[in-house]
Amino acid sequence: MKKTSLVSVSLIVMFLLMSFTLVPSVSAQNEQVTLNLWDIYNRPTQQPIVKKAIKEFESRHPNVEIKRSVAPLEDMKVRIMSALKSKKGPDLFIVNNGENMMGPVVRGGHLLSLDKYAQKYNWEEKLMSLDTARYTEDGTTFGKGNLYGVPFQAEYVGVYYNKSIFEKYNLSEPESLQEMEEVCQNLKEEGVTPIAVGLLDDWQFFHLFGEIQNSVLAHYMGADLANDYLNDLILSSAEDRTWDNGAQVRAAKIAQEWAEKGYLIDGFSGLKGDDAMSVFAAGKAAMFVQGIWYAGSISEKIDAGFFLFPSYEKGEGIPPQVGGVGVPLGISNYSDHPDLAAEFIDILATSKFTADISLEKGALPAKAPIEQRYEEGTLNYDIVQGWNKVNKVDRLVPYLDWATPTMWDTMAPAGRKLMKGEIEPEKFVEKIEEDYQKWLEKKPQ
Amino acid sequence: MNEGKYSSPLNDIAGRFTPYLYLAPTFIVVSMFLLYPLFNTFIFSFTKWSGLNEMKFVGLQNYFRLAEDPKFWSALTTNLIYILLFSVVPTVLGLVVASIIGRAEIKGARYFRTIFLTPQVVASVAIGTIFGWIYAPSFGVLNRFLESIGLSFLTRTWLGSSSTAPYAVGLIGTWIWTGFCIIIFLSGIQKINEDVYDAAKIDGASAWQTFFYVTLPQLRHELVVVFILTLIRALSTNVFGVVSAITGGAYNTRPISLYAYQLSFVQYEVGYASSVVVILALVIFTFSSITFLLEERGG
């Protein structure tokens with residue numbers, strides 16, 4: 001009797017134990033799962049892609065719901081920081097490149113390395129270089145190490161031009177900085193504003209100066225070495241590199257001269273970036289040095305073309321161009337469903353519809369080269385051609401303000417003073433170098 | 001007759017605590033959303049912390065750094081301009097306008113009240129956009145207006161120069177707050193007994209004397225409310241939204257609150273930003289205390 005009851009009790013216990021171990025694996029297939037996604041992809045070029053990716057993912061996994069929350073970048077950063085510090089938050093969230101977000105988040109141990117998923121889904125093959133979404137595991141070096149984010153779109157800066165104005169004054173796309181200045185001079189003499197730019201938005205200065213700087217650096221160093229030099233400064237915080245050199249001073253001098261000679265729109269210092277675009281799109285300026293994100297707004301209003309910022313001298317080849325991947329999406333280290341989150345990223349970044357919708361809306365998928373599907377002579381045709389040319393020679397360099405966490409706050413006021421002639425180009429470069437050296441001293445080792 | 005039946009010691013104690021019971025919800029909410037974060041900020045101000053990783057105690061280092069930070073002092077100077085234009089000027093203008101129209105019969109008073117309060121309900125982003133157009137260099141309303149009346153020499157790049165931008169932004173504050181001040185002072189003036197004015201009239205008081213000896217002392221409480229409310233807006237929330245929308249802090253328009261925000265969420269220096277916020281809270285506290293003290297002495 002005793003023996004029988006002992007056996008039956010043991011059987012019951014074993015059964016219970018087995019059922020407990022079986023329950024999770026059975027229910028994992030059917031349990032209702034929620035993946036939280038916090039992003040900033042609210043532009044008309046992005047919204048439909050994210051919505052379609054969610055729909056596609058949910059149709060593959062009927063038991064998974066993606067709960068999405070969208071906000072502007074700065075607001076979203078605040079939300080993400082608040083959530084992560086208590087080791088909570090969404091499964092998937094945007095993680096802006098460099099020290100402006102990815103660095104501190106990696107150092108805090110909040111991001112999951114995506115390398116195994118990159119291998120599984122073959123992202124390195126399907127997408128463009130993802131180096132600007134990499135950090136070493138300790139979060140000290142940007143641009144190499146683990147993959148912490150995957151973008152689905154890309155962007156770059158170039159020169160928009162008003163075709164009617166160019167035709168009217170018999171001008172052609174400049175092939176050197178000197179020709180660019182000649183075009184500006186001719187336009188100015190004809191009473192036409194050569195370049196629209198709104199420096200009340202600091203990033204418009206970064207982009208204009210960045211393009212001039214790249215052209216000058218490529219002239220003095222050669223395009224490939226200039227590329228390496230910029231990547232060392234901006235991505236790697238290289239200790240053996242300096243901003244303080246003759247080429248940087250020359251670039252700052254050219255930017256200042258353009259302002260002094262009246263090549264930039266009157267009142268550029270008090271104009272917002274979007275307003276500068278509106279001036280250009282209203283046909284009141286001949287050129288606009290800006291990113292491809294304005295293409296949709298511009299092509300709605302005027303017949304515009306787009307060319308790569310020219311080299312310093314004719315025939316020097318394509319100088320480095322400012323641009324890179326869009327804000328990537330990362331996976332939280334606290335996510336209970338990283339595999340599902342990675343599958344969603346794959347759908348978002350590599351689906352055919354991502355490329356189709358991006359190109360249809362005038363944006364670029366995070367791929368290179370891109371199959372040309374626009375009609376020759378259109379603005380989007382020029383943008384895709386330029387993109388393929390730049391990527392063919394691998395001359396895309398990151399945004400200048402990624403160099404240090406304080407570079408934005410240093411370069412912006414220095415740039416404003418430079419363009420208003422309040423400081424010498426040497427002083428401008430000195431300030432940037434000072435900021436860089438300070439960062440080298442205090443950056444996490 | 002039955003009073004004694006209900007005044008047991010237990011009831012007395014319960015009765016004594018009744019007011020606190022009513023205060024409790026507000027106290028709990030304020031503690032949760034204000035005192036607790038403020039206390040935390042104070043603690044963070046003694047640390048080196050990115051907001052995302054381990055905190056490191058650094059003592060008073062952040063405060064020493066603050067004393068030598070030109071960006072902090074620049075923001076503080078800008079804030080003084082904002083105090084003048086978001087708070088002092090609207091208070092004075094509101095007082096003057098309310099005194100002039102306060103006792104007059106105005107047709108459509110409700111309409112004017114609505115107009116005066118409109119800037120209060122417009123979102124900061126919209127205000128930024130509207131004034132961006134007004135101040136725009138070549139196609140801006142202000143420069144166009146100056147040109148049309150033959151004052152072209154006065155046209156400026158209003159937001160594109162450190163000498164004009166802080167004042168141009170400050171004047172937006174004057175636009176937002178003057179109407180509010182007028183409304184508060186108007187309601188104050190309407191409460192003043194008409195007999196007091198009659199007595200002043202009989203005594204031969206001039207308009208100025210009536211204002212300084214009758215109106216102004218009677219509006220003491222309204223003055224305190226208006227000044228403190230506008231002061232807080234000049235130092236923190238309202239100015240933050242307006243500046244972010246119109247200049248992003250360029251050309252010496254960055255107030256302390258925006259600097260603290262950028263330190264926290266752009267540069268990831270939450271510890272240092274907390275010391276900036278503590279100083280900001282101290283500035284608000286000092287100004288408010290002085291105002292309350294002056295009111296008490298005046299009373």
# chains A, B, ... in the order shown; residues from 1 in each chain; ligands from 1
>>> interface_residues(of="chain B", to="chain A", cutoff="8 Å", atoms="only C-alpha atoms", output="list in words")
Ser50, Gly51, Leu52, Asn53, Glu54, Ala136, Pro137, Ser138, Thr157, Trp158, Leu159, Gly160, Ser161, Thr247, Gly248, Ala250, Tyr251, Phe265, Val266, Gln267 and Tyr268 of chain B
>>> write_last_selection(atoms="N, CA and C atoms", output="compact mmCIF listing (two decimals), in the first residue's frame")
# COMPACT_ATOMS: atom_id res chain seq x y z
N SER B 50 25.76 59.82 -17.28
CA SER B 50 25.26 60.07 -18.64
C SER B 50 23.75 59.88 -18.72
N GLY B 51 23.16 59.33 -17.66
CA GLY B 51 21.73 59.05 -17.70
C GLY B 51 21.47 57.62 -18.14
N LEU B 52 22.54 56.94 -18.57
CA LEU B 52 22.35 55.58 -19.10
C LEU B 52 23.28 54.56 -18.47
N ASN B 53 24.26 55.03 -17.72
CA ASN B 53 25.16 54.04 -17.10
C ASN B 53 25.39 54.35 -15.62
N GLU B 54 26.44 53.78 -15.06
CA GLU B 54 26.70 53.92 -13.63
C GLU B 54 26.94 55.38 -13.24
N ALA B 136 11.65 87.23 -40.53
CA ALA B 136 12.48 86.72 -41.64
C ALA B 136 13.18 87.87 -42.36
N PRO B 137 14.42 87.65 -42.81
CA PRO B 137 15.22 88.76 -43.33
C PRO B 137 14.65 89.44 -44.58
N SER B 138 14.46 88.67 -45.67
CA SER B 138 14.08 89.38 -46.91
C SER B 138 12.58 89.46 -47.11
N THR B 157 18.61 91.71 -39.93
CA THR B 157 18.44 90.26 -39.87
C THR B 157 18.14 89.95 -38.41
N TRP B 158 16.91 90.17 -38.02
CA TRP B 158 16.54 90.20 -36.60
C TRP B 158 17.00 88.97 -35.82
N LEU B 159 16.80 87.80 -36.42
CA LEU B 159 17.16 86.58 -35.67
C LEU B 159 18.56 86.10 -35.98
N GLY B 160 19.25 86.78 -36.90
CA GLY B 160 20.56 86.30 -37.33
C GLY B 160 21.71 87.13 -36.79
N SER B 161 21.51 87.73 -35.64
CA SER B 161 22.59 88.52 -35.05
C SER B 161 22.46 88.49 -33.53
N THR B 247 14.65 79.82 -32.87
CA THR B 247 16.08 79.94 -33.19
C THR B 247 16.88 78.70 -32.80
N GLY B 248 16.30 77.84 -32.00
CA GLY B 248 17.03 76.66 -31.51
C GLY B 248 18.14 77.05 -30.54
N ALA B 250 20.23 79.70 -31.16
CA ALA B 250 21.34 80.37 -31.86
C ALA B 250 21.40 81.85 -31.51
N TYR B 251 22.54 82.45 -31.76
CA TYR B 251 22.76 83.89 -31.57
C TYR B 251 22.36 84.38 -30.18
N PHE B 265 20.25 65.65 -22.99
CA PHE B 265 19.77 64.74 -24.02
C PHE B 265 20.50 64.82 -25.35
N VAL B 266 21.45 65.73 -25.47
CA VAL B 266 22.29 65.76 -26.68
C VAL B 266 23.71 65.36 -26.31
N GLN B 267 24.17 65.91 -25.18
CA GLN B 267 25.55 65.62 -24.78
C GLN B 267 25.65 64.54 -23.70
N TYR B 268 24.53 64.08 -23.21
CA TYR B 268 24.48 63.01 -22.20
C TYR B 268 25.31 63.34 -20.96
>>> select_by_dssp(residues="region 118-208 of chain A", states="helix (DSSP H, G or I)", output="NGL selection string")
:A and (118-121 or 123-126 or 131-133 or 163-168 or 177-189 or 202-208)
>>> residues_around(residues="Val64 (chain A)", least_positions_apart="6", cutoff="10 Å", atoms="only C-alpha atoms", output="ChimeraX atom specification")
/A:29-35,57-58,340
>>> residues_around(residues="Val70 (chain A)", least_positions_apart="3", cutoff="8 Å", atoms="only C-alpha atoms", output="ChimeraX atom specification")
/A:38-42,76
>>> write_last_selection(atoms="C-alpha atoms", output="mmCIF file, in the first residue's frame")
data_model
loop_
_atom_site.group_PDB
_atom_site.id
_atom_site.type_symbol
_atom_site.label_atom_id
_atom_site.label_comp_id
_atom_site.auth_asym_id
_atom_site.auth_seq_id
_atom_site.Cartn_x
_atom_site.Cartn_y
_atom_site.Cartn_z
ATOM 1 C CA TRP A 38 9.532 53.247 -30.534
ATOM 2 C CA ASP A 39 10.599 55.182 -33.597
ATOM 3 C CA ILE A 40 10.782 58.572 -35.296
ATOM 4 C CA TYR A 41 9.938 57.466 -38.818
ATOM 5 C CA ASN A 42 7.091 59.895 -39.399
ATOM 6 C CA MET A 76 11.939 60.055 -28.374
#
>>> atom_distance(atom1="CA of Phe44 (chain B)", atom2="CA of Leu92 (chain A)")
28.2 Å
>>> residues_around(residues="region 323-339 of chain A", least_positions_apart="2", cutoff="7 Å", atoms="only C-alpha atoms", output="PyMOL selection string")
chain A and resi 87-88+90-97+110-112+148-157+321+341-343+366+396-399
>>> write_last_selection(atoms="C-alpha atoms", output="short mmCIF file (atom, residue, chain, number, x, y, z; two decimals), in the first residue's frame")
data_model
loop_
_atom_site.label_atom_id
_atom_site.label_comp_id
_atom_site.auth_asym_id
_atom_site.auth_seq_id
_atom_site.Cartn_x
_atom_site.Cartn_y
_atom_site.Cartn_z
CA LYS A 87 16.14 48.50 -17.55
CA LYS A 88 12.74 48.58 -19.23
CA PRO A 90 10.60 48.86 -25.93
CA ASP A 91 11.93 45.80 -27.72
CA LEU A 92 12.87 47.89 -30.74
CA PHE A 93 13.92 51.51 -30.67
CA ILE A 94 15.76 54.05 -32.80
CA VAL A 95 19.37 54.55 -31.92
CA ASN A 96 20.95 57.57 -33.56
CA ASN A 97 24.50 57.06 -34.75
CA HIS A 110 21.31 48.55 -23.11
CA LEU A 111 21.72 47.39 -26.72
CA LEU A 112 21.87 43.91 -28.12
CA TYR A 148 23.97 47.75 -32.90
CA GLY A 149 21.50 49.14 -35.39
CA VAL A 150 20.12 48.63 -38.89
CA PRO A 151 18.80 51.47 -41.07
CA PHE A 152 16.28 51.11 -43.84
CA GLN A 153 16.96 54.33 -45.69
CA ALA A 154 19.96 56.42 -46.64
CA GLU A 155 20.63 60.04 -47.52
CA TYR A 156 23.31 62.36 -48.83
CA VAL A 157 23.95 66.03 -49.48
CA GLN A 321 30.28 63.60 -50.05
CA ALA A 341 12.51 41.85 -33.22
CA ALA A 342 15.38 40.96 -35.57
CA GLU A 343 12.95 39.41 -38.05
CA ALA A 366 19.85 51.78 -47.50
CA LEU A 396 30.42 58.81 -48.40
CA VAL A 397 31.59 60.49 -45.18
CA PRO A 398 29.55 61.01 -42.00
CA TYR A 399 28.12 64.22 -40.63
#
>>> residues_around(residues="Ser74 (chain B)", least_positions_apart="4", cutoff="10 Å", atoms="only C-alpha atoms", output="ChimeraX atom specification")
/B:69-70,78-79,252-256
>>> write_last_selection(atoms="C-alpha atoms", output="compact mmCIF listing (two decimals), in the first residue's frame")
# COMPACT_ATOMS: atom_id res chain seq x y z
CA ASP B 69 31.39 77.64 -17.98
CA PRO B 70 30.96 80.60 -20.39
CA THR B 78 20.04 85.79 -21.92
CA ASN B 79 17.59 84.77 -19.21
CA ASN B 252 22.72 84.16 -27.78
CA THR B 253 19.05 83.24 -27.50
CA ARG B 254 19.62 80.06 -25.49
CA PRO B 255 18.10 80.23 -22.00
CA ILE B 256 19.33 78.11 -19.08
